[in-house]
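Colleague: Once you've had a glance at the structure underneath, I'll fire off some questions.
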Amino acid sequence: METIRFTVNGKSVELQIDPQTPLLWALRERLGLTGTKFGCGMALCGTCTVHVNGNAVGSCVTPVSAVRDQQVTTIEGLSRDRSHPVQRAWLQIQVPQCGYCQPGQMMGAAALLAVNKNPSDSDIDDAMAGNLCRCGTYARIRKAIHLAAELSRGQK
Amino acid sequence: MTGHAIPNFLLRVAIWMVAVFFYVLPLFLESSGGPQANAQENDKSVLAFRGVASVLTSPRCLNCHTSADGPLQGDDNHPHAMNVKRGTDGKGSAALRCRACHQTENAQFLNGSPGAADWQLPPAATPMAWKGLTTGEICRALKDPAKNGNRSPQDLIPHMETSLVRWAWSPGPGRILPPLSREEFVSRLKEWIDTGAACPE
């Protein structure tokens, strides 16, 4: 066990924890942030995507020791009032079907838009390739990312 | 008798000249680094590079030194799952960076992602792809500053000391090791450079 401090959604946290514990379980089981979902546990599906210092990472394969003194953002921290362009676009397009993968999809989309304000279909496909959806909502995801980009640019 | 004296003298001179040409001169040239010595040095260099190439063409190197627009994986060099892309800097696409899954060390659980501190492919502008090249072509690519990120042969040594390259010798379970030990690989690389960095045909 070690003491590991990091910031989650703007709040400092300190955990006594096995440093090899996946960040996902630290978030869900120790901090109660259950918006981030467990999918494959092997970084193959993107369901557990969170941001570390703004970059999308798979929290199921990230040992909690890797985020020591780092800034972690989960789906709960994307905005306080659903005002993030990705959240607005997701609601407007009604993207989810079963919804299980959607926190990861939205975090992936937000990471993309943070570095590319006007992504092409190809940019979206490349960036979102690590996020799987068994319901097949890919067409709506792509449409919502385009809308979120427009919202980010203040065009809608 | 006098009539034979001059031809005998000439014959002796000729024998001496032949001896000098075929025996003494090569010894002199060898001791002074002449063509024969150069040829031997060249052969040593090429032999050393063949050892280097045996590592460069192992799956641990080939999976990132690929001409594809994304990494390969596994000992059979199959395309990386999820259509992962190289990105211009070799570190993945905008929201799917290598670091999204590959940490600074191998994940310690079953089927976990491998990791090293500087996990990446070569940049898109200089992919340094080995697959499909002959040993000589790999050698010439490795020495070409336009292809190798403007490195001299000596500059290759620090690259081989990076944690990413070192990872090839501790890749975690289920991944074969390069055919030479890391120490032997670096030794062959240095020998290749010290002997003139010659390339096979």
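To be explicit about the labels: the chains of the structure tokens are called A, B, and onward in the order shown, and within each one the residues are counted from 1, while ligands get numbers from 1 in the order they are shown.
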Given a cut-off of 10 Å, which residues of chain A touch chain B, counting only C-alpha atoms, written out as an mmCIF file with C-alpha atoms, in the first residue's frame?

Modeller:
```
data_model
loop_
_atom_site.group_PDB
_atom_site.id
_atom_site.type_symbol
_atom_site.label_atom_id
_atom_site.label_comp_id
_atom_site.auth_asym_id
_atom_site.auth_seq_id
_atom_site.Cartn_x
_atom_site.Cartn_y
_atom_site.Cartn_z
ATOM 1 C CA GLN A 20 -0.768 -1.265 -9.265
ATOM 2 C CA THR A 21 -4.532 -0.916 -8.795
ATOM 3 C CA PRO A 22 -6.095 0.144 -12.099
ATOM 4 C CA GLY A 41 -10.200 -4.652 -18.721
ATOM 5 C CA MET A 42 -7.530 -4.871 -21.442
ATOM 6 C CA ALA A 43 -7.669 -1.474 -23.155
ATOM 7 C CA LEU A 44 -9.496 -2.956 -26.100
ATOM 8 C CA CYS A 45 -12.906 -1.263 -25.954
ATOM 9 C CA GLY A 46 -12.496 2.316 -24.697
ATOM 10 C CA THR A 49 -11.781 6.252 -21.076
ATOM 11 C CA VAL A 50 -10.961 9.192 -18.806
ATOM 12 C CA HIS A 51 -8.636 12.154 -19.241
ATOM 13 C CA VAL A 52 -5.251 12.434 -17.601
ATOM 14 C CA GLY A 54 -6.381 16.317 -20.935
ATOM 15 C CA ASN A 55 -5.315 13.182 -22.792
ATOM 16 C CA ALA A 56 -7.696 10.255 -23.220
ATOM 17 C CA VAL A 57 -6.442 7.136 -21.451
ATOM 18 C CA GLY A 58 -7.859 3.724 -20.729
ATOM 19 C CA SER A 59 -8.320 3.726 -16.967
ATOM 20 C CA CYS A 60 -8.550 -0.062 -16.807
ATOM 21 C CA VAL A 61 -4.879 -0.448 -17.803
ATOM 22 C CA THR A 62 -3.539 2.654 -16.106
ATOM 23 C CA PRO A 63 -2.099 1.850 -12.678
ATOM 24 C CA ALA A 66 0.746 6.594 -13.015
ATOM 25 C CA MET A 107 -14.516 11.430 -23.140
ATOM 26 C CA GLY A 108 -12.813 10.326 -26.367
ATOM 27 C CA ALA A 109 -14.798 12.923 -28.342
ATOM 28 C CA ALA A 110 -13.952 15.667 -25.843
ATOM 29 C CA ALA A 111 -10.247 14.803 -26.072
ATOM 30 C CA LEU A 112 -10.444 14.973 -29.859
ATOM 31 C CA LEU A 113 -12.202 18.350 -29.898
ATOM 32 C CA ALA A 114 -9.693 19.756 -27.432
ATOM 33 C CA VAL A 115 -6.984 19.402 -30.074
ATOM 34 C CA ASN A 116 -9.023 19.548 -33.291
ATOM 35 C CA PRO A 119 -12.408 17.282 -37.326
ATOM 36 C CA ASP A 123 -10.153 12.439 -38.082
ATOM 37 C CA ILE A 124 -13.149 11.252 -36.074
ATOM 38 C CA ASP A 125 -12.785 7.659 -37.257
ATOM 39 C CA ASP A 126 -9.076 7.643 -36.354
ATOM 40 C CA ALA A 127 -9.580 9.249 -32.962
ATOM 41 C CA MET A 128 -12.564 7.148 -31.962
ATOM 42 C CA ALA A 129 -11.235 3.824 -33.274
ATOM 43 C CA GLY A 130 -10.488 2.684 -29.737
ATOM 44 C CA ASN A 131 -14.073 3.141 -28.530
ATOM 45 C CA LEU A 132 -16.384 0.263 -29.388
#
```

Colleague: So that I can check the secondary structure, give me every residue of chain A assigned alpha helix (DSSP H) by backbone DSSP, as a ChimeraX atom specification.

Modeller: /A:23-25,85-93,102-115,121-127,138-152

Colleague: Write out as an mmCIF file with C-alpha atoms, in the first residue's frame each polymer residue whose atoms come within 7 Å of segment 85-98 of chain A, counting only C-alpha atoms; drop sequence neighbours fewer than 4 positions from it.

Modeller:
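Below is the file that was written, out10.cif:
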```cif
data_model
loop_
_atom_site.group_PDB
_atom_site.id
_atom_site.type_symbol
_atom_site.label_atom_id
_atom_site.label_comp_id
_atom_site.auth_asym_id
_atom_site.auth_seq_id
_atom_site.Cartn_x
_atom_site.Cartn_y
_atom_site.Cartn_z
ATOM 1 C CA GLN A 102 -21.154 6.338 -23.979
ATOM 2 C CA MET A 106 -17.886 11.196 -24.858
ATOM 3 C CA ALA A 110 -13.952 15.667 -25.843
ATOM 4 C CA CYS A 135 -25.285 -1.146 -30.288
ATOM 5 C CA THR A 137 -24.316 3.989 -32.667
ATOM 6 C CA ARG A 140 -24.838 9.128 -34.465
ATOM 7 C CA ILE A 141 -21.532 9.465 -32.602
ATOM 8 C CA ALA A 144 -22.747 14.393 -32.680
ATOM 9 C CA ILE A 145 -19.006 15.089 -32.809
ATOM 10 C CA LEU A 147 -22.317 19.096 -33.984
ATOM 11 C CA ALA A 148 -20.177 19.434 -30.850
ATOM 12 C CA LEU A 151 -21.081 24.240 -30.822
ATOM 13 C CA SER A 152 -17.482 24.663 -29.678
#
```

Colleague: Mind checking which residues fall within 9 Å of Lys37 of chain A, counting only C-alpha atoms, ignoring those fewer than 4 positions away in the same chain, and posting them as a ChimeraX atom specification?

Modeller: /A:24,28,47-49,100-101,103-104

Colleague: Using only C-alpha atoms, determine which residues lie at most 10 Å from Asp76 of chain B, disregarding the query and same-chain residues fewer than 4 positions distant; provide the list as a ChimeraX atom specification.

Modeller: /B:59,63,72

Colleague: With C-alpha atoms retained, could you export that selection as an mmCIF file, in the first residue's frame?

Modeller:
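Printed below is out.cif as written:
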```cif
data_model
loop_
_atom_site.group_PDB
_atom_site.id
_atom_site.type_symbol
_atom_site.label_atom_id
_atom_site.label_comp_id
_atom_site.auth_asym_id
_atom_site.auth_seq_id
_atom_site.Cartn_x
_atom_site.Cartn_y
_atom_site.Cartn_z
ATOM 1 C CA PRO B 59 8.932 -8.601 -34.351
ATOM 2 C CA ASN B 63 5.961 -3.843 -35.284
ATOM 3 C CA LEU B 72 1.584 -3.861 -35.961
#
```

Colleague: What residues in segment 38-152 of chain B get the DSSP label strand (DSSP E or B)? Please answer as a PyMOL selection string.

Modeller: chain B and resi 72-73+78-79+92-93+96-97

Colleague: Since we have the selection now, will you write its residues out, keeping N, CA and C atoms, as a short mmCIF file (atom, residue, chain, number, x, y, z; two decimals), in the first residue's frame?

Modeller:
```
data_model
loop_
_atom_site.label_atom_id
_atom_site.label_comp_id
_atom_site.auth_asym_id
_atom_site.auth_seq_id
_atom_site.Cartn_x
_atom_site.Cartn_y
_atom_site.Cartn_z
N LEU B 72 1.93 -2.45 -35.91
CA LEU B 72 1.58 -3.86 -35.96
C LEU B 72 1.71 -4.40 -34.55
N GLN B 73 1.26 -5.63 -34.32
CA GLN B 73 1.45 -6.21 -33.00
C GLN B 73 1.58 -7.72 -33.09
N HIS B 78 0.76 -8.70 -37.00
CA HIS B 78 -0.58 -8.38 -37.54
C HIS B 78 -0.94 -6.94 -37.19
N PRO B 79 -1.86 -6.33 -37.97
CA PRO B 79 -2.21 -4.94 -37.68
C PRO B 79 -2.74 -4.78 -36.26
N GLY B 92 0.38 8.46 -32.18
CA GLY B 92 -1.05 8.18 -32.25
C GLY B 92 -1.84 9.34 -32.80
N SER B 93 -3.14 9.10 -32.97
CA SER B 93 -4.01 10.16 -33.49
C SER B 93 -4.48 11.04 -32.34
N LEU B 96 -6.52 9.30 -29.64
CA LEU B 96 -6.12 7.91 -29.41
C LEU B 96 -4.60 7.84 -29.47
N ARG B 97 -3.99 8.45 -28.47
CA ARG B 97 -2.54 8.47 -28.38
C ARG B 97 -2.05 7.11 -27.89
#
```

Colleague: If we count only C-alpha atoms and set the cut-off at 9 Å, which residues sit around Asn118 of chain A, ignoring sequence neighbours fewer than 3 positions away in its own chain? Please answer as a ChimeraX atom specification.

Modeller: /A:113,146,149-150,153

Colleague: Separation of atom CA of Cys64 of chain B and atom CA of Pro127 of chain B, in Å?

Modeller: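 Computing the Euclidean distance for atom CA of Cys64 of chain B and atom CA of Pro127 of chain B yields 8.5 Å.
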
Colleague: For Trp169 of chain B, work out the shell of residues within 12 Å, counting only C-alpha atoms and skipping chain neighbours fewer than 6 positions away, then give it as a count of residues only.

Modeller: 21
